[in-house]
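> Supplied structure: query37.txt, compact mmCIF, C-alpha atoms.
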# COMPACT_ATOMS: atom_id res chain seq x y z
CA MET Z 11 -14.16 37.70 22.94
CA ALA Z 12 -12.36 35.66 25.55
CA PRO Z 13 -9.00 34.19 24.51
CA LYS Z 14 -9.07 30.48 23.82
CA LYS Z 15 -6.63 27.70 23.22
CA ARG Z 16 -5.82 26.53 19.70
CA PRO Z 17 -5.72 22.76 19.25
CA GLU Z 18 -2.62 20.62 19.30
CA THR Z 19 0.29 23.03 19.64
CA GLN Z 20 3.51 21.10 19.90
CA LYS Z 21 7.08 20.58 18.94
CA THR Z 22 6.20 18.24 16.12
CA SER Z 23 8.14 15.22 15.01
CA GLU Z 24 6.49 15.44 11.58
CA ILE Z 25 8.80 18.21 10.39
CA VAL Z 26 11.22 16.96 7.77
CA LEU Z 27 14.41 18.96 7.38
CA ARG Z 28 16.72 18.06 4.56
CA PRO Z 29 20.02 19.83 3.84
CA ARG Z 30 20.86 19.97 0.18
CA ASN Z 31 22.85 17.07 -1.27
CA LYS Z 32 26.39 18.31 -1.76
CA ARG Z 33 26.65 16.33 -4.96
CA SER Z 34 23.60 18.00 -6.52
CA ARG Z 35 24.27 19.62 -9.83
CA SER Z 36 24.22 23.39 -10.12
CA PRO Z 37 22.08 25.06 -12.80
CA LEU Z 38 25.18 25.65 -14.93
CA GLU Z 39 25.74 21.88 -15.14
CA LEU Z 40 22.36 21.27 -16.75
CA GLU Z 41 23.40 22.35 -20.23
CA PRO Z 42 22.60 21.42 -22.94
CA GLU Z 43 19.30 20.14 -21.48
CA ALA Z 44 18.47 23.61 -20.13
CA LYS Z 45 19.52 27.16 -20.72
CA LYS Z 46 22.05 28.85 -18.48
CA LEU Z 47 20.17 30.46 -15.65
CA CYS Z 48 22.53 33.03 -14.28
CA ALA Z 49 23.17 36.35 -16.01
CA LYS Z 50 24.03 35.47 -19.63
CA GLY Z 51 22.95 37.87 -22.31
CA SER Z 52 20.18 40.32 -22.88
CA GLY Z 53 17.65 40.56 -25.69
CA PRO Z 54 15.87 43.61 -27.01
CA SER Z 55 13.22 45.29 -24.93
CA ARG Z 56 9.72 46.01 -26.27
CA ARG Z 57 7.59 49.07 -25.71
CA CYS Z 58 3.96 48.57 -24.86
CA ASP Z 59 0.87 50.31 -26.19
CA SER Z 60 1.00 53.04 -23.56
CA ASP Z 61 3.88 55.52 -23.73
CA CYS Z 62 4.37 55.29 -19.98
CA LEU Z 63 5.16 51.56 -20.08
CA TRP Z 64 8.37 49.70 -20.61
CA ALA Z 65 8.49 45.96 -21.11
CA GLY Z 66 11.61 44.54 -19.60
CA LEU Z 67 11.51 40.77 -20.09
CA ALA Z 68 14.08 39.66 -22.59
CA GLY Z 69 16.70 37.53 -20.91
CA PRO Z 70 19.14 37.80 -18.05
CA GLN Z 71 21.15 41.00 -18.38
CA ILE Z 72 24.93 41.03 -18.71
CA LEU Z 73 26.39 42.73 -15.67
CA PRO Z 74 29.49 44.89 -16.17
CA PRO Z 75 32.55 44.02 -14.13
CA CYS Z 76 31.88 44.88 -10.51
CA ARG Z 77 33.78 47.96 -9.37
CA SER Z 78 35.21 48.03 -5.88
CA ILE Z 79 32.41 49.15 -3.58
CA VAL Z 80 35.05 50.41 -1.13
CA ARG Z 81 36.40 52.70 -3.84
CA THR Z 82 32.88 53.89 -4.70
CA LEU Z 83 32.21 54.70 -1.04
CA HIS Z 84 35.51 56.56 -0.84
CA GLN Z 85 34.60 58.56 -3.95
CA HIS Z 86 31.24 59.40 -2.37
CA LYS Z 87 32.96 60.59 0.80
CA LEU Z 88 35.15 62.88 -1.32
CA GLY Z 89 32.08 64.21 -3.11
CA ARG Z 90 33.02 62.60 -6.43
CA ALA Z 91 30.22 60.03 -6.51
CA SER Z 92 26.51 60.52 -5.93
CA TRP Z 93 24.55 58.43 -3.45
CA PRO Z 94 22.47 56.79 -6.23
CA SER Z 95 25.72 55.57 -7.81
CA VAL Z 96 26.72 54.09 -4.46
CA GLN Z 97 23.37 52.32 -4.22
CA GLN Z 98 23.78 51.03 -7.76
CA GLY Z 99 27.22 49.71 -6.89
CA LEU Z 100 25.88 47.91 -3.83
CA GLN Z 101 23.06 46.40 -5.86
CA GLN Z 102 25.44 45.28 -8.59
CA SER Z 103 27.68 43.64 -5.99
CA PHE Z 104 24.68 41.80 -4.53
CA LEU Z 105 23.59 40.58 -7.96
CA HIS Z 106 27.00 39.02 -8.50
CA THR Z 107 26.60 37.07 -5.24
CA LEU Z 108 23.29 35.63 -6.48
CA ASP Z 109 25.30 33.40 -8.84
CA SER Z 110 26.40 31.42 -5.80
CA TYR Z 111 22.97 31.08 -4.16
CA ARG Z 112 21.97 27.49 -3.51
CA ILE Z 113 19.38 25.78 -1.30
CA LEU Z 114 20.71 25.87 2.25
CA GLN Z 115 17.89 23.91 3.88
CA LYS Z 116 14.49 22.38 3.09
CA ALA Z 117 11.45 21.63 5.20
CA ALA Z 118 8.34 19.62 4.37
CA PRO Z 119 6.19 20.26 7.46
CA PHE Z 120 2.63 20.21 6.10
CA ASP Z 121 0.15 17.74 4.63
CA ARG Z 122 -1.23 20.57 2.47
CA ARG Z 123 0.53 23.25 0.44
CA ALA Z 124 2.08 26.35 2.01
CA THR Z 125 -0.08 29.45 1.52
CA SER Z 126 1.63 32.27 3.41
CA LEU Z 127 5.10 33.27 4.56
CA ALA Z 128 6.52 35.95 6.89
CA TRP Z 129 10.07 36.67 8.03
CA HIS Z 130 10.77 37.56 11.65
CA PRO Z 131 11.40 41.34 11.64
CA THR Z 132 14.61 41.20 13.69
CA HIS Z 133 15.87 37.60 13.57
CA PRO Z 134 17.33 36.93 10.11
CA SER Z 135 17.13 33.11 10.29
CA THR Z 136 13.56 32.77 11.57
CA VAL Z 137 10.54 32.46 9.30
CA ALA Z 138 6.86 31.68 9.91
CA VAL Z 139 4.87 29.72 7.33
CA GLY Z 140 1.14 28.94 7.13
CA SER Z 141 -0.57 26.14 5.23
CA LYS Z 142 -3.86 25.43 3.47
CA GLY Z 143 -4.83 23.22 6.41
CA GLY Z 144 -4.37 26.05 8.93
CA ASP Z 145 -1.05 24.73 10.27
CA ILE Z 146 1.61 27.29 11.20
CA MET Z 147 5.33 26.61 11.56
CA LEU Z 148 7.87 28.88 13.25
CA TRP Z 149 11.26 27.79 11.94
CA ASN Z 150 14.67 29.01 13.07
CA PHE Z 151 16.75 27.22 10.45
CA GLY Z 152 19.96 28.49 12.04
CA ILE Z 153 19.69 25.94 14.85
CA LYS Z 154 19.10 22.19 14.91
CA ASP Z 155 16.08 22.29 17.24
CA LYS Z 156 12.80 21.22 15.67
CA PRO Z 157 10.51 24.04 14.58
CA THR Z 158 7.51 25.08 16.63
CA PHE Z 159 4.34 23.73 15.04
CA ILE Z 160 0.73 24.83 15.57
CA LYS Z 161 -1.79 22.33 14.24
CA GLY Z 162 -4.67 23.74 12.17
CA ILE Z 163 -8.21 22.47 11.66
CA GLY Z 164 -7.45 20.87 8.29
CA ALA Z 165 -9.80 21.44 5.35
CA GLY Z 166 -11.20 24.97 5.40
CA GLY Z 167 -8.52 26.40 7.68
CA SER Z 168 -6.20 27.91 5.06
CA ILE Z 169 -3.92 30.69 6.37
CA THR Z 170 -4.34 33.50 3.85
CA GLY Z 171 -2.27 36.18 5.58
CA LEU Z 172 0.51 36.07 8.17
CA LYS Z 173 2.32 38.93 9.94
CA PHE Z 174 4.50 39.07 13.05
CA ASN Z 175 3.20 41.45 15.69
CA PRO Z 176 5.63 44.39 15.35
CA LEU Z 177 5.11 45.26 19.03
CA ASN Z 178 5.70 41.72 20.31
CA THR Z 179 7.40 39.25 17.97
CA ASN Z 180 6.33 36.29 20.12
CA GLN Z 181 2.89 36.88 18.60
CA PHE Z 182 1.49 36.98 15.09
CA TYR Z 183 -1.57 38.09 13.16
CA ALA Z 184 -3.30 35.65 10.83
CA SER Z 185 -6.25 35.81 8.46
CA SER Z 186 -7.83 32.55 7.43
CA MET Z 187 -10.61 30.72 5.66
CA GLU Z 188 -11.95 29.79 9.10
CA GLY Z 189 -13.58 33.21 8.89
CA THR Z 190 -11.37 35.11 11.34
CA THR Z 191 -8.54 37.60 11.46
CA ARG Z 192 -6.85 37.09 14.80
CA LEU Z 193 -3.83 37.71 17.02
CA GLN Z 194 -2.26 34.65 18.63
CA ASP Z 195 1.00 33.46 20.11
CA PHE Z 196 3.27 30.60 19.14
CA LYS Z 197 1.92 28.49 21.98
CA GLY Z 198 -1.37 28.39 20.10
CA ASN Z 199 -3.37 30.81 22.28
CA ILE Z 200 -5.77 33.15 20.49
CA LEU Z 201 -5.24 36.52 22.16
CA ARG Z 202 -7.78 38.58 20.25
CA VAL Z 203 -10.19 38.10 17.34
CA PHE Z 204 -10.21 41.27 15.23
CA ALA Z 205 -12.77 40.19 12.66
CA SER Z 206 -15.13 37.24 12.41
CA SER Z 207 -17.59 36.44 9.62
CA ASP Z 208 -19.69 33.93 11.59
CA THR Z 209 -20.58 32.21 8.32
CA ILE Z 210 -18.86 29.63 6.14
CA ASN Z 211 -19.60 31.68 3.03
CA ILE Z 212 -17.36 34.61 3.99
CA TRP Z 213 -13.71 34.36 4.94
CA PHE Z 214 -10.68 36.64 5.17
CA CYS Z 215 -8.13 36.64 2.36
CA SER Z 216 -5.59 39.34 3.23
CA LEU Z 217 -3.98 41.15 6.14
CA ASP Z 218 -1.55 43.93 6.99
CA VAL Z 219 -0.41 45.66 10.18
CA SER Z 220 1.21 49.05 10.94
CA ALA Z 221 3.18 49.55 14.14
CA SER Z 222 3.44 53.34 13.78
CA SER Z 223 -0.29 53.94 13.36
CA ARG Z 224 -1.25 50.86 15.40
CA MET Z 225 -3.67 49.74 12.73
CA VAL Z 226 -4.81 46.34 11.43
CA VAL Z 227 -6.46 46.03 8.01
CA THR Z 228 -8.05 42.89 6.54
CA GLY Z 229 -10.01 42.06 3.39
CA ASP Z 230 -12.54 39.29 2.69
CA ASN Z 231 -13.76 37.20 -0.24
CA VAL Z 232 -16.75 39.41 -1.12
CA GLY Z 233 -14.90 42.73 -1.43
CA ASN Z 234 -15.09 44.14 2.11
CA VAL Z 235 -12.13 45.80 3.82
CA ILE Z 236 -12.11 46.32 7.60
CA LEU Z 237 -9.85 48.79 9.43
CA LEU Z 238 -9.27 48.33 13.16
CA ASN Z 239 -6.90 49.65 15.79
CA MET Z 240 -4.67 47.25 17.69
CA ASP Z 241 -7.08 47.27 20.62
CA GLY Z 242 -9.63 45.58 18.37
CA LYS Z 243 -11.90 48.59 17.84
CA GLU Z 244 -13.42 48.62 14.37
CA LEU Z 245 -12.95 51.99 12.65
CA TRP Z 246 -14.82 51.14 9.47
CA ASN Z 247 -16.06 48.18 7.44
CA LEU Z 248 -16.71 49.01 3.78
CA ARG Z 249 -17.21 47.15 0.53
CA MET Z 250 -14.31 48.55 -1.48
CA HIS Z 251 -14.26 46.02 -4.33
CA LYS Z 252 -16.83 44.05 -6.27
CA LYS Z 253 -15.08 40.72 -5.61
CA LYS Z 254 -12.49 39.07 -3.36
CA VAL Z 255 -9.80 41.32 -1.87
CA THR Z 256 -6.65 39.28 -2.48
CA HIS Z 257 -4.16 41.69 -0.93
CA VAL Z 258 -4.05 44.72 1.36
CA ALA Z 259 -0.88 46.74 1.99
CA LEU Z 260 -0.15 49.75 4.18
CA ASN Z 261 2.59 52.04 2.91
CA PRO Z 262 5.67 51.58 5.16
CA CYS Z 263 6.51 55.29 5.09
CA CYS Z 264 3.00 56.83 4.97
CA ASP Z 265 0.89 54.49 7.06
CA TRP Z 266 -2.31 56.34 6.12
CA PHE Z 267 -1.77 55.19 2.52
CA LEU Z 268 -3.48 51.87 1.69
CA ALA Z 269 -3.41 49.71 -1.46
CA THR Z 270 -6.02 46.99 -2.06
CA ALA Z 271 -5.96 44.38 -4.84
CA SER Z 272 -8.87 42.29 -6.05
CA VAL Z 273 -10.00 39.68 -8.52
CA ASP Z 274 -12.30 42.38 -9.93
CA GLN Z 275 -9.21 43.36 -11.99
CA THR Z 276 -8.43 46.54 -10.08
CA VAL Z 277 -5.94 47.85 -7.56
CA LYS Z 278 -7.14 50.84 -5.54
CA ILE Z 279 -5.17 53.35 -3.48
CA TRP Z 280 -6.82 55.00 -0.48
CA ASP Z 281 -6.11 57.76 2.01
CA LEU Z 282 -7.27 56.25 5.32
CA ARG Z 283 -7.93 59.75 6.66
CA GLN Z 284 -10.49 60.41 3.95
CA VAL Z 285 -12.29 57.11 3.42
CA ARG Z 286 -16.03 57.75 3.33
CA GLY Z 287 -17.27 54.98 1.06
CA LYS Z 288 -16.42 52.74 -1.87
CA ALA Z 289 -16.02 55.73 -4.22
CA SER Z 290 -13.56 57.64 -2.01
CA PHE Z 291 -10.40 56.02 -3.38
CA LEU Z 292 -7.56 58.25 -4.57
CA TYR Z 293 -6.70 56.09 -7.59
CA SER Z 294 -8.15 53.04 -9.31
CA LEU Z 295 -5.59 51.07 -11.33
CA PRO Z 296 -7.33 48.82 -13.89
CA HIS Z 297 -5.65 45.56 -14.90
CA ARG Z 298 -6.32 43.11 -17.72
CA HIS Z 299 -6.75 40.18 -15.37
CA PRO Z 300 -7.56 39.52 -11.69
CA VAL Z 301 -4.79 40.70 -9.36
CA ASN Z 302 -2.98 38.53 -6.79
CA ALA Z 303 -0.96 41.18 -4.97
CA ALA Z 304 -0.10 44.86 -4.62
CA CYS Z 305 2.81 45.73 -2.34
CA PHE Z 306 4.71 48.95 -1.69
CA SER Z 307 8.47 49.16 -2.00
CA PRO Z 308 10.44 49.51 1.27
CA ASP Z 309 10.79 53.27 0.71
CA GLY Z 310 7.06 53.56 -0.04
CA ALA Z 311 7.67 55.29 -3.38
CA ARG Z 312 6.61 52.44 -5.66
CA LEU Z 313 3.86 49.87 -5.92
CA LEU Z 314 4.37 46.37 -7.35
CA THR Z 315 1.36 44.45 -8.67
CA THR Z 316 1.05 40.83 -9.81
CA ASP Z 317 -1.90 39.72 -11.90
CA GLN Z 318 -3.15 36.14 -12.32
CA LYS Z 319 -1.71 35.56 -15.76
CA SER Z 320 1.28 37.29 -17.30
CA GLU Z 321 1.94 40.83 -16.07
CA ILE Z 322 3.95 42.40 -13.29
CA ARG Z 323 3.52 46.17 -13.03
CA VAL Z 324 5.46 48.88 -11.27
CA TYR Z 325 3.73 52.15 -10.33
CA SER Z 326 5.48 55.24 -8.98
CA ALA Z 327 4.42 57.90 -6.49
CA SER Z 328 5.11 60.50 -9.19
CA GLN Z 329 2.06 59.23 -11.12
CA TRP Z 330 0.14 56.48 -9.33
CA ASP Z 331 -2.51 56.17 -12.03
CA CYS Z 332 -0.08 55.23 -14.85
CA PRO Z 333 2.31 52.26 -14.69
CA LEU Z 334 5.97 53.21 -14.71
CA GLY Z 335 6.75 49.78 -16.11
CA LEU Z 336 5.29 46.47 -17.19
CA ILE Z 337 7.12 43.15 -17.10
CA PRO Z 338 5.63 40.32 -19.17
CA HIS Z 339 6.08 37.19 -17.05
CA PRO Z 340 4.32 33.76 -16.98
CA HIS Z 341 2.64 33.03 -13.63
CA ARG Z 342 -0.90 32.02 -14.55
CA HIS Z 343 -3.51 31.08 -11.97
CA PHE Z 344 -4.29 27.45 -11.17
CA GLN Z 345 -6.89 26.35 -8.63
CA HIS Z 346 -4.60 23.99 -6.72
CA LEU Z 347 -1.58 26.30 -6.73
CA THR Z 348 -0.88 28.99 -4.15
CA PRO Z 349 -1.25 32.26 -6.11
CA ILE Z 350 2.09 33.58 -7.31
CA LYS Z 351 3.07 36.97 -5.87
CA ALA Z 352 6.04 39.13 -6.80
CA ALA Z 353 7.92 40.80 -3.92
CA TRP Z 354 10.48 43.56 -3.43
CA HIS Z 355 13.98 43.03 -2.13
CA PRO Z 356 14.17 44.87 1.23
CA ARG Z 357 17.33 46.84 0.40
CA TYR Z 358 17.69 47.04 -3.36
CA ASN Z 359 15.42 47.98 -6.24
CA LEU Z 360 14.94 44.35 -7.23
CA ILE Z 361 11.83 42.22 -7.78
CA VAL Z 362 11.67 38.47 -7.10
CA VAL Z 363 8.94 36.19 -8.48
CA GLY Z 364 8.38 32.51 -9.29
CA ARG Z 365 7.91 31.39 -12.90
CA TYR Z 366 5.13 29.08 -14.08
CA PRO Z 367 6.02 28.37 -17.75
CA ASP Z 368 3.07 28.84 -20.10
CA PRO Z 369 3.15 27.33 -23.62
CA ASN Z 370 0.91 30.18 -24.77
CA PHE Z 371 3.31 32.84 -23.49
CA LYS Z 372 5.07 34.67 -26.32
CA SER Z 373 8.64 34.02 -25.20
CA CYS Z 374 8.09 30.45 -23.94
CA THR Z 375 10.84 28.00 -24.93
CA PRO Z 376 10.70 24.17 -25.03
CA TYR Z 377 11.40 22.56 -21.65
CA GLU Z 378 11.40 25.94 -19.91
CA LEU Z 379 12.33 25.61 -16.24
CA ARG Z 380 10.29 26.69 -13.22
CA THR Z 381 12.81 29.23 -12.03
CA ILE Z 382 12.78 32.03 -9.48
CA ASP Z 383 13.34 35.22 -11.46
CA VAL Z 384 15.01 38.42 -10.25
CA PHE Z 385 14.27 41.66 -12.13
CA ASP Z 386 15.68 45.15 -11.91
CA GLY Z 387 12.92 47.44 -10.62
CA ASN Z 388 14.09 50.38 -12.74
CA SER Z 389 14.61 48.83 -16.16
CA GLY Z 390 12.50 45.68 -15.85
CA LYS Z 391 15.44 43.60 -17.07
CA MET Z 392 15.84 40.08 -15.79
CA MET Z 393 19.07 40.00 -13.80
CA CYS Z 394 19.24 36.42 -12.61
CA GLN Z 395 17.32 33.14 -12.33
CA LEU Z 396 17.60 30.65 -9.47
CA TYR Z 397 16.95 26.96 -10.00
CA ASP Z 398 17.70 23.67 -8.27
CA PRO Z 399 17.18 20.42 -10.22
CA GLU Z 400 16.16 18.58 -7.04
CA SER Z 401 13.46 21.17 -6.27
CA SER Z 402 11.89 21.85 -9.65
CA GLY Z 403 8.36 22.78 -8.57
CA ILE Z 404 6.66 26.17 -8.85
CA SER Z 405 7.78 28.68 -6.22
CA SER Z 406 4.61 30.63 -5.53
CA LEU Z 407 5.95 32.79 -2.69
CA ASN Z 408 9.49 34.16 -2.56
CA GLU Z 409 10.67 36.67 0.01
CA PHE Z 410 14.08 37.88 1.19
CA ASN Z 411 14.67 38.29 4.91
CA PRO Z 412 14.97 41.87 6.27
CA MET Z 413 18.75 41.80 5.84
CA GLY Z 414 18.28 40.82 2.20
CA ASP Z 415 20.84 38.00 2.19
CA THR Z 416 18.57 34.94 2.51
CA LEU Z 417 15.57 33.96 0.38
CA ALA Z 418 12.64 31.81 1.54
CA SER Z 419 10.46 30.10 -1.06
CA ALA Z 420 7.15 28.27 -0.71
CA MET Z 421 7.02 25.47 -3.28
CA GLY Z 422 3.94 23.31 -2.84
CA TYR Z 423 4.41 21.35 0.40
CA HIS Z 424 8.02 22.49 0.74
CA ILE Z 425 9.80 25.48 2.25
CA LEU Z 426 13.20 26.25 0.70
CA ILE Z 427 15.91 28.48 2.16
CA TRP Z 428 18.33 29.94 -0.40
CA SER Z 429 21.66 31.47 0.54
CA GLN Z 430 25.20 31.85 -0.71
CA GLU Z 431 27.07 28.60 -1.21
CA GLU Z 432 29.78 29.79 1.20
CA ALA Z 433 27.12 30.11 3.91
CA ARG Z 434 26.09 26.49 3.32
CA THR Z 435 29.73 25.42 3.65
CA ARG Z 436 30.05 27.22 6.98
CA LYS Z 437 27.03 25.43 8.48
Have the structure of the file written as structure tokens, please.

Amino acid sequence: MAPKKRPETQKTSEIVLRPRNKRSRSPLELEPEAKKLCAKGSGPSRRCDSDCLWAGLAGPQILPPCRSIVRTLHQHKLGRASWPSVQQGLQQSFLHTLDSYRILQKAAPFDRRATSLAWHPTHPSTVAVGSKGGDIMLWNFGIKDKPTFIKGIGAGGSITGLKFNPLNTNQFYASSMEGTTRLQDFKGNILRVFASSDTINIWFCSLDVSASSRMVVTGDNVGNVILLNMDGKELWNLRMHKKKVTHVALNPCCDWFLATASVDQTVKIWDLRQVRGKASFLYSLPHRHPVNAACFSPDGARLLTTDQKSEIRVYSASQWDCPLGLIPHPHRHFQHLTPIKAAWHPRYNLIVVGRYPDPNFKSCTPYELRTIDVFDGNSGKMMCQLYDPESSGISSLNEFNPMGDTLASAMGYHILIWSQEEARTRK
């Protein structure tokens, strides 16, 4: 298909950037009207029906005093400390810095809610965001220049998946409700269409890309998954689920390993070298509710799933077909809300996810806040909660940049950038 020009690509004047008010109250100043949100106390954990599950949601965990990481590294060099203990020390040090995280910048670029988010793989202050109207913003919040803005088609153009091209970061892949999965640049040019439904009844809901295997995978709203190479050649097109494929993820360390999530209440794991049909999956992981996301950890050894109601699960490579852990967490589905998806921290064994308080949830408290929750990926304990009283909406998407020191959140029409308070002072 010949490349074509996307409409109305521009440096838009509609972008609204608002630094946080210096006089805004921190979460700790909200008492007694709200609970303390940073690490303050831990309740008892509960075991679930299955022996292989732990349930880690109780309350923020008390962190022990932070040992000197320099001393820990020195002990490791002398052979007196194991590498896992060094990693634990680094993670503990990072968790202490989360107490000082505040909103560094805000943007309100769209006339419809944000639906997808992707960090630039090598530039730690650049993020791309897609909207329900098909608009895409490339935002380098480290400079004062206005973001690059690509205008979408409006209704029916929702960006459902967004990935930078790992071979050329001036380009990106996008799946959308327009019925295409495509490669385009930030000038608005469509460089290649990888998949097209040619009907308004079928659209693409998920996308992932592997640089090492040079593969593109995309899933649609009727259960089909398509695998292509980066030249656009279709390798197979199979119906792998009974209903919409909400998420596809290639393992970052074994790129032939694929996870697919669906509203048919299953997550399936596939070996791309052995796919012959819908029954050729390696594992099928049943869930109690439809599933929003399934993503591998940065080391590829774990899988994190988010359902559409109240469970976050962690699976391990040691036993893919049995959850290593289960975290009860309120994030129920709502038609006019971007589906909530939990994500891994890129460097530490931590999980970040937005909270949508549910009065029917067992641990719900009166006036519960719409926080961003951070859990330990080993124990399932809540380690910290982030909240800003001036931005009290539901954060559906939350992802740390590749360096792991800055968090981007999609909250309705708004994009929030969280960082340490000292970083805000330096700006």
> Go through Z:Cys305, Z:Cys394, Z:Leu417, Z:Ile427 and flag the residue nearest Ala352 in chain Z, using all atoms listed in the file for the distances.
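Looking only at the distances to Ala352 in chain Z, the closest residue turns out to be Z:Cys305.
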> Of the candidates Z:Ala205, Z:Thr256, Z:Phe267, Z:Val219, which shows the shortest atom-to-atom distance to Lys243 in chain Z, using all atoms listed in the file?
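Checking each candidate against Lys243 in chain Z, we get Z:Ala205 as the closest.
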> Tell me which of Z:Tyr377, Z:Gly143, Z:Thr179, Z:Val258 sits closest to Arg122 in chain Z, counting all atoms listed in the file.
Z:Gly143
> Just give me the gap between CA of Thr136 in chain Z and CA of Leu148 in chain Z in Å, one decimal is fine.
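Between these atoms lies a distance of 7.1 Å.
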> Using all atoms listed in the file, collect all residues at a distance of at most 12 Å from (-0.6, 47.4, 12.6) as written in the file, then present them as a ChimeraX atom specification.
/Z:173-178,182-183,193,204,217-228,237-242,259-262,265-266
> Extract, using all atoms listed in the file, all DNA, RNA and protein residues at most 12 Å from Cys264 in chain Z, discarding same-chain residues fewer than 6 positions from it, and format them as a ChimeraX atom specification.
/Z:220-223,280-283,306-311,327
> Kindly export the residues of the current selection with C-alpha atoms, as a PDB file, in the coordinates of the input.

ATOM      1  CA  SER Z 220       1.210  49.050  10.940  1.00  0.00           C
ATOM      2  CA  ALA Z 221       3.180  49.550  14.140  1.00  0.00           C
ATOM      3  CA  SER Z 222       3.440  53.340  13.780  1.00  0.00           C
ATOM      4  CA  SER Z 223      -0.290  53.940  13.360  1.00  0.00           C
ATOM      5  CA  TRP Z 280      -6.820  55.000  -0.480  1.00  0.00           C
ATOM      6  CA  ASP Z 281      -6.110  57.760   2.010  1.00  0.00           C
ATOM      7  CA  LEU Z 282      -7.270  56.250   5.320  1.00  0.00           C
ATOM      8  CA  ARG Z 283      -7.930  59.750   6.660  1.00  0.00           C
ATOM      9  CA  PHE Z 306       4.710  48.950  -1.690  1.00  0.00           C
ATOM     10  CA  SER Z 307       8.470  49.160  -2.000  1.00  0.00           C
ATOM     11  CA  PRO Z 308      10.440  49.510   1.270  1.00  0.00           C
ATOM     12  CA  ASP Z 309      10.790  53.270   0.710  1.00  0.00           C
ATOM     13  CA  GLY Z 310       7.060  53.560  -0.040  1.00  0.00           C
ATOM     14  CA  ALA Z 311       7.670  55.290  -3.380  1.00  0.00           C
ATOM     15  CA  ALA Z 327       4.420  57.900  -6.490  1.00  0.00           C
TER      16      ALA Z 327
END
> Point out the residue among Z:Met392, Z:Arg298, Z:His339, Z:Ala138 with the least atom-to-atom distance to Ser373 in chain Z, counting all atoms listed in the file.
Z:His339
> In Å, how far is it from CA of Phe214 in chain Z to CA of Thr190 in chain Z?
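So the answer is 6.4 Å.
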> Given the choices Z:Asp208, Z:Gly164, Z:Trp330, Z:Thr158, which gets closest to Asn180 in chain Z if the distance is worked out from all atoms listed in the file?
Z:Thr158
